[in-house]
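Next comes upload_12.cif, with mmCIF, C-alpha atoms and all ligand atoms.
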```
data_protein
loop_
_atom_site.label_atom_id
_atom_site.label_comp_id
_atom_site.auth_asym_id
_atom_site.auth_seq_id
_atom_site.Cartn_x
_atom_site.Cartn_y
_atom_site.Cartn_z
CA MET A 1 -18.42 -9.33 -17.15
CA SER A 2 -14.99 -10.67 -18.04
CA VAL A 3 -14.49 -12.95 -21.01
CA TYR A 4 -12.41 -15.16 -18.71
CA GLN A 5 -15.01 -17.26 -16.87
CA LEU A 6 -14.10 -20.33 -14.84
CA SER A 7 -15.58 -23.55 -16.16
CA LYS A 8 -17.64 -25.89 -13.99
CA ASN A 9 -14.67 -28.28 -14.11
CA GLN A 10 -12.28 -25.64 -12.79
CA ILE A 11 -14.64 -24.78 -9.95
CA ALA A 12 -15.07 -28.47 -9.11
CA ARG A 13 -11.28 -28.96 -9.16
CA PHE A 14 -10.75 -26.01 -6.83
CA ASN A 15 -13.38 -27.34 -4.42
CA ASP A 16 -11.83 -30.79 -4.52
CA GLU A 17 -8.11 -29.99 -4.46
CA GLY A 18 -8.13 -26.56 -2.86
CA TYR A 19 -6.12 -24.95 -5.63
CA LEU A 20 -6.20 -24.22 -9.33
CA ILE A 21 -3.53 -23.17 -11.80
CA ILE A 22 -4.63 -21.12 -14.79
CA ARG A 23 -2.06 -20.75 -17.56
CA ASN A 24 -1.73 -17.45 -19.46
CA PHE A 25 -4.31 -15.69 -17.30
CA TYR A 26 -2.30 -12.60 -18.23
CA SER A 27 -0.40 -12.20 -21.47
CA LEU A 28 3.32 -11.58 -21.32
CA ALA A 29 2.70 -8.09 -22.71
CA GLU A 30 0.56 -7.31 -19.65
CA ILE A 31 3.20 -8.55 -17.24
CA GLU A 32 6.33 -7.12 -18.90
CA PRO A 33 6.01 -3.57 -17.50
CA LEU A 34 6.05 -5.02 -13.96
CA GLN A 35 9.01 -7.25 -14.80
CA LYS A 36 10.91 -4.24 -16.07
CA ALA A 37 10.02 -2.05 -13.09
CA LEU A 38 11.14 -4.80 -10.70
CA ALA A 39 14.40 -5.27 -12.57
CA ASP A 40 15.04 -1.51 -12.30
CA ASP A 41 13.98 -1.29 -8.65
CA PRO A 42 14.09 -4.71 -6.95
CA SER A 43 13.40 -3.24 -3.51
CA ILE A 44 10.10 -1.71 -4.77
CA ASN A 45 10.88 1.78 -3.50
CA GLY A 46 12.48 0.25 -0.39
CA SER A 47 9.13 -1.18 0.70
CA LEU A 48 10.18 -4.84 0.97
CA TYR A 49 10.77 -6.11 4.47
CA GLY A 50 11.42 -9.47 6.04
CA MET A 51 8.70 -11.41 7.77
CA ASN A 52 9.31 -14.37 10.04
CA GLY A 53 9.67 -17.58 8.13
CA ASP A 54 11.33 -20.87 8.79
CA SER A 55 14.88 -19.89 8.03
CA GLU A 56 17.32 -17.37 9.42
CA VAL A 57 16.72 -15.19 6.40
CA PRO A 58 13.32 -13.50 6.61
CA HIS A 59 10.68 -13.91 3.94
CA PRO A 60 10.79 -10.80 1.68
CA ILE A 61 7.37 -9.18 1.26
CA ASN A 62 5.55 -5.91 1.19
CA ILE A 63 1.86 -5.44 1.66
CA TRP A 64 -0.99 -3.20 0.57
CA ASN A 65 -4.65 -3.03 1.30
CA LYS A 66 -5.81 0.00 -0.66
CA CYS A 67 -5.59 -0.51 -4.42
CA GLY A 68 -4.67 2.46 -6.56
CA ASP A 69 -4.19 3.18 -10.23
CA ASP A 70 -0.82 1.58 -10.83
CA ILE A 71 -0.31 -2.01 -11.97
CA ALA A 72 0.13 -3.25 -8.39
CA GLY A 73 -3.18 -1.67 -7.50
CA MET A 74 -4.95 -2.87 -10.62
CA VAL A 75 -3.90 -6.53 -10.64
CA PRO A 76 -6.02 -7.29 -7.51
CA ARG A 77 -8.99 -5.47 -9.10
CA MET A 78 -8.95 -6.98 -12.59
CA GLU A 79 -12.36 -8.02 -13.78
CA ARG A 80 -11.14 -11.51 -14.69
CA THR A 81 -9.70 -11.98 -11.19
CA ILE A 82 -12.80 -10.75 -9.41
CA ASP A 83 -15.11 -12.87 -11.53
CA ALA A 84 -13.02 -15.98 -10.84
CA THR A 85 -12.85 -15.22 -7.12
CA GLU A 86 -16.58 -14.60 -6.84
CA ALA A 87 -17.35 -17.81 -8.73
CA LEU A 88 -15.20 -19.73 -6.24
CA LEU A 89 -16.40 -17.96 -3.08
CA ASP A 90 -19.99 -17.91 -4.34
CA ASP A 91 -20.36 -14.38 -3.02
CA GLU A 92 -19.27 -10.85 -3.77
CA CYS A 93 -15.62 -10.56 -2.76
CA TYR A 94 -13.51 -7.76 -1.36
CA HIS A 95 -9.80 -7.19 -1.11
CA TRP A 96 -8.20 -8.50 2.08
CA HIS A 97 -4.67 -7.50 1.14
CA SER A 98 -2.05 -8.07 -1.52
CA LYS A 99 1.66 -8.55 -1.28
CA PHE A 100 4.71 -8.94 -3.43
CA VAL A 101 7.00 -11.84 -2.61
CA VAL A 102 10.36 -11.14 -4.19
CA LYS A 103 13.13 -13.67 -3.71
CA ARG A 104 16.34 -12.35 -5.19
CA PRO A 105 18.93 -14.77 -6.65
CA LYS A 106 20.14 -17.26 -4.03
CA CYS A 107 17.74 -15.85 -1.40
CA PRO A 108 17.44 -18.76 1.06
CA ALA A 109 14.25 -17.57 2.79
CA ILE A 110 11.86 -20.42 3.49
CA ILE A 111 8.22 -20.06 4.41
CA GLY A 112 7.15 -23.26 6.14
CA TRP A 113 3.90 -25.18 5.78
CA HIS A 114 0.96 -23.12 6.94
CA GLN A 115 -2.67 -22.26 6.33
CA ASP A 116 -3.46 -18.60 5.72
CA TYR A 117 -6.71 -18.90 7.63
CA ALA A 118 -4.71 -19.67 10.78
CA SER A 119 -3.63 -16.03 10.92
CA TRP A 120 -6.86 -14.56 9.53
CA TYR A 121 -9.18 -16.49 11.88
CA ASP A 122 -8.36 -14.14 14.72
CA ASP A 123 -9.31 -11.14 12.64
CA GLY A 124 -12.86 -12.14 13.55
CA LEU A 125 -13.88 -14.34 10.63
CA LEU A 126 -16.64 -16.89 10.99
CA TYR A 127 -15.96 -18.96 7.88
CA PRO A 128 -12.92 -20.02 5.86
CA ASN A 129 -14.53 -18.53 2.76
CA MET A 130 -11.39 -16.79 1.56
CA LEU A 131 -8.77 -17.40 -1.08
CA SER A 132 -5.59 -16.04 -2.56
CA ILE A 133 -4.43 -15.63 -6.13
CA GLY A 134 -0.73 -15.73 -6.95
CA THR A 135 0.09 -13.88 -10.18
CA ALA A 136 3.52 -14.89 -11.45
CA ILE A 137 5.64 -11.90 -12.50
CA THR A 138 8.68 -14.06 -13.18
CA ALA A 139 8.83 -17.81 -13.70
CA ALA A 140 8.29 -19.81 -10.51
CA THR A 141 10.16 -23.10 -10.49
CA LYS A 142 11.03 -25.82 -8.02
CA GLU A 143 14.59 -24.47 -8.02
CA ASN A 144 13.67 -20.84 -7.32
CA GLY A 145 11.26 -21.67 -4.52
CA CYS A 146 7.82 -21.82 -6.11
CA THR A 147 4.78 -22.33 -3.90
CA GLN A 148 4.26 -25.92 -2.78
CA VAL A 149 0.80 -27.15 -1.87
CA ILE A 150 -0.74 -30.28 -0.37
CA PRO A 151 -3.76 -30.92 -2.62
CA GLY A 152 -6.99 -31.50 -0.75
CA SER A 153 -5.53 -30.43 2.62
CA HIS A 154 -8.08 -27.60 2.86
CA LYS A 155 -10.63 -30.29 3.70
CA MET A 156 -8.79 -31.01 6.94
CA GLY A 157 -10.15 -27.78 8.40
CA LEU A 158 -8.09 -25.38 10.48
CA LEU A 159 -5.20 -27.30 12.03
CA ASP A 160 -4.04 -26.70 15.54
CA ASP A 161 -0.71 -24.97 15.04
CA GLY A 162 -0.33 -24.22 18.72
CA ALA A 163 -1.26 -20.56 18.39
CA ARG A 164 -4.68 -21.01 19.99
CA SER A 165 -4.08 -23.95 22.32
CA LYS A 166 -1.28 -25.92 23.86
CA ASN A 167 -2.45 -29.09 22.16
CA LYS A 168 -0.20 -28.70 19.15
CA THR A 169 -0.82 -31.54 16.72
CA PHE A 170 0.15 -29.65 13.59
CA THR A 171 3.42 -31.47 12.92
CA ALA A 172 1.93 -34.95 13.17
CA ARG A 173 -1.06 -34.03 11.02
CA LEU A 174 1.20 -32.37 8.45
CA LYS A 175 3.34 -35.51 8.20
CA HIS A 176 0.29 -37.68 7.55
CA ALA A 177 -1.18 -35.16 5.10
CA LYS A 178 2.03 -35.20 3.05
CA GLU A 179 2.07 -39.00 3.00
CA LYS A 180 -1.61 -39.33 2.16
CA LEU A 181 -2.05 -36.45 -0.27
CA GLY A 182 1.44 -35.72 -1.63
CA ILE A 183 3.01 -32.38 -2.53
CA VAL A 184 2.59 -30.36 -5.72
CA TYR A 185 5.15 -27.77 -6.83
CA CYS A 186 3.16 -24.98 -8.45
CA GLU A 187 5.53 -24.08 -11.26
CA LEU A 188 4.32 -21.03 -13.14
CA ASP A 189 5.33 -18.99 -16.16
CA PRO A 190 4.94 -15.21 -16.07
CA GLY A 191 1.24 -14.43 -16.43
CA ASP A 192 0.06 -17.76 -15.01
CA VAL A 193 -1.92 -17.65 -11.79
CA MET A 194 -2.49 -20.08 -8.94
CA ILE A 195 -5.62 -19.75 -6.85
CA PHE A 196 -5.75 -21.42 -3.45
CA HIS A 197 -8.17 -21.87 -0.59
CA CYS A 198 -7.30 -20.23 2.73
CA ASN A 199 -7.10 -23.59 4.51
CA LEU A 200 -4.79 -25.19 1.93
CA LEU A 201 -1.45 -26.19 3.42
CA HIS A 202 1.29 -24.44 1.48
CA GLY A 203 4.82 -23.10 1.81
CA ALA A 204 7.88 -22.26 -0.25
CA ASP A 205 11.60 -23.04 -0.26
CA GLY A 206 14.48 -20.71 -0.88
CA ASN A 207 15.69 -19.60 -4.29
CA THR A 208 18.78 -21.56 -5.36
CA THR A 209 19.01 -19.98 -8.81
CA ASP A 210 20.55 -16.84 -10.33
CA GLN A 211 17.10 -15.49 -11.24
CA THR A 212 14.67 -13.49 -9.12
CA ARG A 213 11.35 -15.08 -8.28
CA ALA A 214 8.60 -12.48 -8.03
CA ILE A 215 4.89 -12.97 -7.55
CA ILE A 216 1.91 -10.94 -6.34
CA PHE A 217 -0.42 -12.71 -3.90
CA SER A 218 -3.86 -11.08 -3.67
CA SER A 219 -6.18 -12.32 -0.95
CA TYR A 220 -9.95 -11.92 -0.85
CA ASN A 221 -12.72 -12.36 1.64
CA ALA A 222 -16.38 -13.03 0.86
CA ARG A 223 -18.61 -10.05 1.62
CA GLY A 224 -20.85 -12.28 3.76
CA ASN A 225 -17.83 -13.27 5.83
CA ALA A 226 -16.72 -9.78 6.87
CA PRO A 227 -15.21 -9.83 10.39
CA ILE A 228 -17.68 -9.82 13.24
CA THR A 229 -16.99 -8.12 16.53
CA GLY A 230 -16.18 -9.86 19.78
CA THR A 231 -14.26 -12.72 18.19
CA GLN A 232 -10.87 -11.21 17.54
CA GLY A 233 -8.19 -13.21 19.26
CA ILE A 234 -4.54 -12.51 19.79
CA ASN A 235 -3.27 -12.12 16.28
CA LYS A 236 0.29 -10.95 16.32
CA GLU A 237 0.75 -11.61 12.65
CA GLY A 238 -2.30 -9.51 11.84
CA GLU A 239 -1.05 -6.77 14.13
CA PHE A 240 2.39 -6.93 12.59
CA LEU A 241 0.93 -6.39 9.13
CA ASN A 242 -0.41 -3.09 10.42
CA ILE A 243 -3.80 -3.35 8.75
CA SER A 244 -6.50 -1.93 11.00
CA ARG A 245 -9.77 -3.64 11.89
CA GLU A 246 -11.60 -1.01 9.82
CA GLN A 247 -9.45 -1.83 6.78
CA ARG A 248 -10.45 -5.50 7.17
CA GLN A 249 -14.14 -4.68 6.80
CA TYR A 250 -16.06 -4.95 3.55
CA CYS A 251 -15.16 -2.27 1.05
CA LYS A 252 -16.52 -2.41 -2.50
CA LEU A 253 -13.88 -3.29 -5.07
CA GLU A 254 -13.76 -1.05 -8.09
CA LYS A 255 -13.23 -3.53 -10.92
CA VAL A 256 -10.70 -2.73 -13.63
CA PRO A 257 -11.70 -3.66 -17.21
CA ASP A 258 -9.75 -6.60 -18.58
CA ASP A 259 -8.13 -4.55 -21.34
CA ALA A 260 -6.79 -1.80 -19.03
CA LEU A 261 -3.31 -3.29 -18.67
CA ILE A 262 -2.81 -3.97 -22.36
CA LYS A 263 -4.00 -0.44 -23.13
CA GLY A 264 -1.49 0.95 -20.62
CA GLN A 265 -4.18 2.66 -18.54
CA TYR A 266 -2.08 2.84 -15.39
CA LYS A 267 -0.01 5.56 -13.77
CA SER A 268 3.10 3.47 -13.03
CA ALA A 269 4.07 -0.09 -12.19
CA PHE A 270 4.00 0.31 -8.38
CA ASN A 271 4.91 3.91 -7.54
CA HIS A 272 1.31 4.86 -6.75
CA THR A 273 0.67 2.11 -4.23
CA LYS A 274 0.88 2.95 -0.54
CA PHE A 275 2.73 -0.04 0.88
CA ILE A 276 2.03 -0.55 4.57
CA PRO A 277 5.17 -0.73 6.71
CA PRO A 278 5.22 -3.44 9.40
CA LYS A 279 4.29 -2.43 12.90
CA ALA A 280 7.42 -1.97 14.94
CA GLY A 281 7.97 -3.13 18.50
CA LEU A 282 6.11 -6.43 18.51
CA ASP A 283 7.54 -9.59 20.01
CA ASP A 284 10.66 -10.19 17.98
CA SER A 285 10.48 -13.96 18.30
CA PHE A 286 7.32 -13.86 16.26
CA THR A 287 8.28 -11.35 13.64
CA ARG A 288 11.41 -9.91 12.25
CA GLY A 289 10.64 -6.52 10.87
CA VAL A 290 13.86 -6.41 8.97
CA LYS A 291 14.20 -3.92 6.20
CA LEU A 292 15.69 -5.64 3.18
CA SER A 293 18.55 -4.07 1.35
CA THR A 294 18.41 -3.64 -2.38
O1 LIG B 1 6.29 -17.55 -1.49
C1 LIG B 1 5.34 -18.34 -1.54
O2 LIG B 1 5.05 -18.97 -2.54
C2 LIG B 1 4.47 -18.56 -0.34
C3 LIG B 1 4.19 -17.29 0.34
C4 LIG B 1 3.29 -17.45 1.49
O3 LIG B 1 2.75 -18.48 1.74
C5 LIG B 1 3.04 -16.32 2.34
O4 LIG B 1 3.65 -15.26 2.13
O5 LIG B 1 2.20 -16.47 3.26
#
```

Can you give me the file's structure in the form of structure tokens?
Ligand SMILES: O=C(O)CCC(=O)C(=O)O
Amino acid sequence: MSVYQLSKNQIARFNDEGYLIIRNFYSLAEIEPLQKALADDPSINGSLYGMNGDSEVPHPINIWNKCGDDIAGMVPRMERTIDATEALLDDECYHWHSKFVVKRPKCPAIIGWHQDYASWYDDGLLYPNMLSIGTAITAATKENGCTQVIPGSHKMGLLDDGARSKNKTFTARLKHAKEKLGIVYCELDPGDVMIFHCNLLHGADGNTTDQTRAIIFSSYNARGNAPITGTQGINKEGEFLNISREQRQYCKLEKVPDDALIKGQYKSAFNHTKFIPPKAGLDDSFTRGVKLST
């Protein structure tokens, strides 16, 4: 068991506000090798691509589901992360997927307000018992487009964003949610993490600074919430991500001891992760499978 255990207060705050920021979850020494590797290879072996967002410039991500023995594959499996996730989901958890978001200097890509569960629902999930953890590789600030959240919005349930019905009330509900609940800019230092519920409204602005903003988002499902059959809807985003139905099923996570990063027990920063390329040929108005240049 990890020495980093969430307190009752932290769990209560997550349940109440739908998110939690934990400072210094990783030490700078644990994060520095990733920072250096990203500075040397900002395209992450050419794996970054653009996903549809709310600006002309696509949102720069890459994605992986299978976690290997490099830092990118170990961060989602760290004992401290798994223990925190399982305390919040109140169940064994498994890896849904992880992704880098890397916004280079002046990258204007915006990702508008959304709930992650809106795209995961149609993978055949019964419950919104899922969460994501953002691990800051570089500082995330208001100016470089840190994640913004609407605290408590996860309690609104899954909003109708028009994907599943014509009765689109998302915009009106979003407006009222912002007025009622406010917006929090989740500013992070390298090594800080933010944990958020899959129904929490969140988004991010572009990067107006001369510094890169880089973060790993790792998403988890509860074992008891593994996708059931006969409920999968049309999920173009899921299809675009190119993760098969089998890869969405429960698969035991091999935990990594908390001291593995500091002891350098990894093969590389990200060269041993098999990033999944986006599926080509889907409706272009929904996705822009644009390869990003270095
Ligand atoms: O870049 C961010 O902070 C938000 C990313 C996000 O919401 C997403 O990729 O779905």

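Distances from A:Ser218, A:Thr141, A:Thr212, A:Gln35 to His97 in chain A were compared using only C-alpha atoms, and the smallest one belongs to A:Ser218.
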
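Take CA of Cys186 in chain A and CA of Cys146 in chain A: the distance between them is 6.1 Å.
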
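Among the candidates A:Ile31, A:Ile21, A:Ile61, A:Leu89, the one nearest to ligand LIG 1 (chain B) when counting all atoms listed in the file is A:Ile61.
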
Could you put an axis-aligned box around every listed atom of ligand LIG 1 (chain B), padded by 6 Å on each side, and send me its centre and edge lengths in Å to one decimal, as lines of an AutoDock Vina configuration file?
```
center_x = 4.2
center_y = -17.1
center_z = 0.4
size_x = 16.1
size_y = 15.7
size_z = 17.8
```

Which is closest to ligand LIG 1 (chain B) among A:Tyr4, A:Tyr49, A:Phe270, A:Phe100, if we use only C-alpha atoms and all ligand atoms? A:Phe100

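Comparing the minimum interatomic distances between Ile215 in chain A and each of A:Met51, A:Ile11, A:Val75, A:Leu159, counting only C-alpha atoms, we find that A:Val75 sits nearest.
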
From the list A:Tyr121, A:Tyr185, A:Phe217, A:Phe14, which residue is nearest Ala84 in chain A when using all atoms listed in the file? A:Phe14

Test item: residues lying within 9 Å of ligand LIG 1 (chain B) with all atoms listed in the file, as number ranges by chain: A: 51, 53, 59-61, 99-103, 110-116, 134, 140, 145-148, 186, 201-206, 213-215, 217

Go ahead and write the residues just picked, C-alpha atoms, as a compact mmCIF listing (two decimals), in the frame of the given file.
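Heads up, here's the output in again_0.txt:
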```txt
# COMPACT_ATOMS: atom_id res chain seq x y z
CA MET A 51 8.70 -11.41 7.77
CA GLY A 53 9.67 -17.58 8.13
CA HIS A 59 10.68 -13.91 3.94
CA PRO A 60 10.79 -10.80 1.68
CA ILE A 61 7.37 -9.18 1.26
CA LYS A 99 1.66 -8.55 -1.28
CA PHE A 100 4.71 -8.94 -3.43
CA VAL A 101 7.00 -11.84 -2.61
CA VAL A 102 10.36 -11.14 -4.19
CA LYS A 103 13.13 -13.67 -3.71
CA ILE A 110 11.86 -20.42 3.49
CA ILE A 111 8.22 -20.06 4.41
CA GLY A 112 7.15 -23.26 6.14
CA TRP A 113 3.90 -25.18 5.78
CA HIS A 114 0.96 -23.12 6.94
CA GLN A 115 -2.67 -22.26 6.33
CA ASP A 116 -3.46 -18.60 5.72
CA GLY A 134 -0.73 -15.73 -6.95
CA ALA A 140 8.29 -19.81 -10.51
CA GLY A 145 11.26 -21.67 -4.52
CA CYS A 146 7.82 -21.82 -6.11
CA THR A 147 4.78 -22.33 -3.90
CA GLN A 148 4.26 -25.92 -2.78
CA CYS A 186 3.16 -24.98 -8.45
CA LEU A 201 -1.45 -26.19 3.42
CA HIS A 202 1.29 -24.44 1.48
CA GLY A 203 4.82 -23.10 1.81
CA ALA A 204 7.88 -22.26 -0.25
CA ASP A 205 11.60 -23.04 -0.26
CA GLY A 206 14.48 -20.71 -0.88
CA ARG A 213 11.35 -15.08 -8.28
CA ALA A 214 8.60 -12.48 -8.03
CA ILE A 215 4.89 -12.97 -7.55
CA PHE A 217 -0.42 -12.71 -3.90
```

Can you list, as a VMD selection string, every protein, DNA or RNA residue that comes within 9 Å of Gln247 in chain A when you count all atoms listed in the file, leaving out same-chain residues fewer than 6 positions away? chain A and resid 65 to 66 96

List as a ChimeraX atom specification the protein and nucleic acid residues near Ile276 in chain A, meaning an atom at most 9 Å away when only C-alpha atoms are counted, but skip any in the same chain fewer than 2 places from it. /A:47,62-65,241-243,274,278-279

Pairwise distance, CA of Asn129 in chain A with CA of Glu92 in chain A, equals 11.1 Å

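CA of Glu32 in chain A to CA of Lys255 in chain A spans 21.4 Å [interatomic distance, one decimal].
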
Show which residues sit within 10 Å of Pro33 in chain A, as a PDB file with C-alpha atoms, in the frame of the given file. Count only C-alpha atoms, and ignore same-chain residues fewer than 6 positions away.
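So selection01.pdb came out as:
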```pdb
ATOM      1  CA  ALA A  39      14.400  -5.270 -12.570  1.00  0.00           C
ATOM      2  CA  ILE A  71      -0.310  -2.010 -11.970  1.00  0.00           C
ATOM      3  CA  ILE A 137       5.640 -11.900 -12.500  1.00  0.00           C
ATOM      4  CA  LEU A 261      -3.310  -3.290 -18.670  1.00  0.00           C
ATOM      5  CA  GLY A 264      -1.490   0.950 -20.620  1.00  0.00           C
ATOM      6  CA  SER A 268       3.100   3.470 -13.030  1.00  0.00           C
ATOM      7  CA  ALA A 269       4.070  -0.090 -12.190  1.00  0.00           C
TER       8      ALA A 269
END
```

Restricting the calculation to only C-alpha atoms, which member of A:Pro128, A:Gln249, A:Arg80, A:Ala136 is positioned closest to Leu188 in chain A? A:Ala136

Which polymer residues have any atom within 8 Å of an atom of Asn207 in chain A, counting all atoms listed in the file, with same-chain residues fewer than 6 positions away left out, as an mmCIF file with C-alpha atoms, in the frame of the given file?
```cif
data_model
loop_
_atom_site.group_PDB
_atom_site.id
_atom_site.type_symbol
_atom_site.label_atom_id
_atom_site.label_comp_id
_atom_site.auth_asym_id
_atom_site.auth_seq_id
_atom_site.Cartn_x
_atom_site.Cartn_y
_atom_site.Cartn_z
ATOM 1 C CA LYS A 103 13.130 -13.670 -3.710
ATOM 2 C CA ARG A 104 16.340 -12.350 -5.190
ATOM 3 C CA PRO A 105 18.930 -14.770 -6.650
ATOM 4 C CA LYS A 106 20.140 -17.260 -4.030
ATOM 5 C CA CYS A 107 17.740 -15.850 -1.400
ATOM 6 C CA PRO A 108 17.440 -18.760 1.060
ATOM 7 C CA ALA A 109 14.250 -17.570 2.790
ATOM 8 C CA GLU A 143 14.590 -24.470 -8.020
ATOM 9 C CA ASN A 144 13.670 -20.840 -7.320
ATOM 10 C CA GLY A 145 11.260 -21.670 -4.520
ATOM 11 C CA ARG A 213 11.350 -15.080 -8.280
#
```
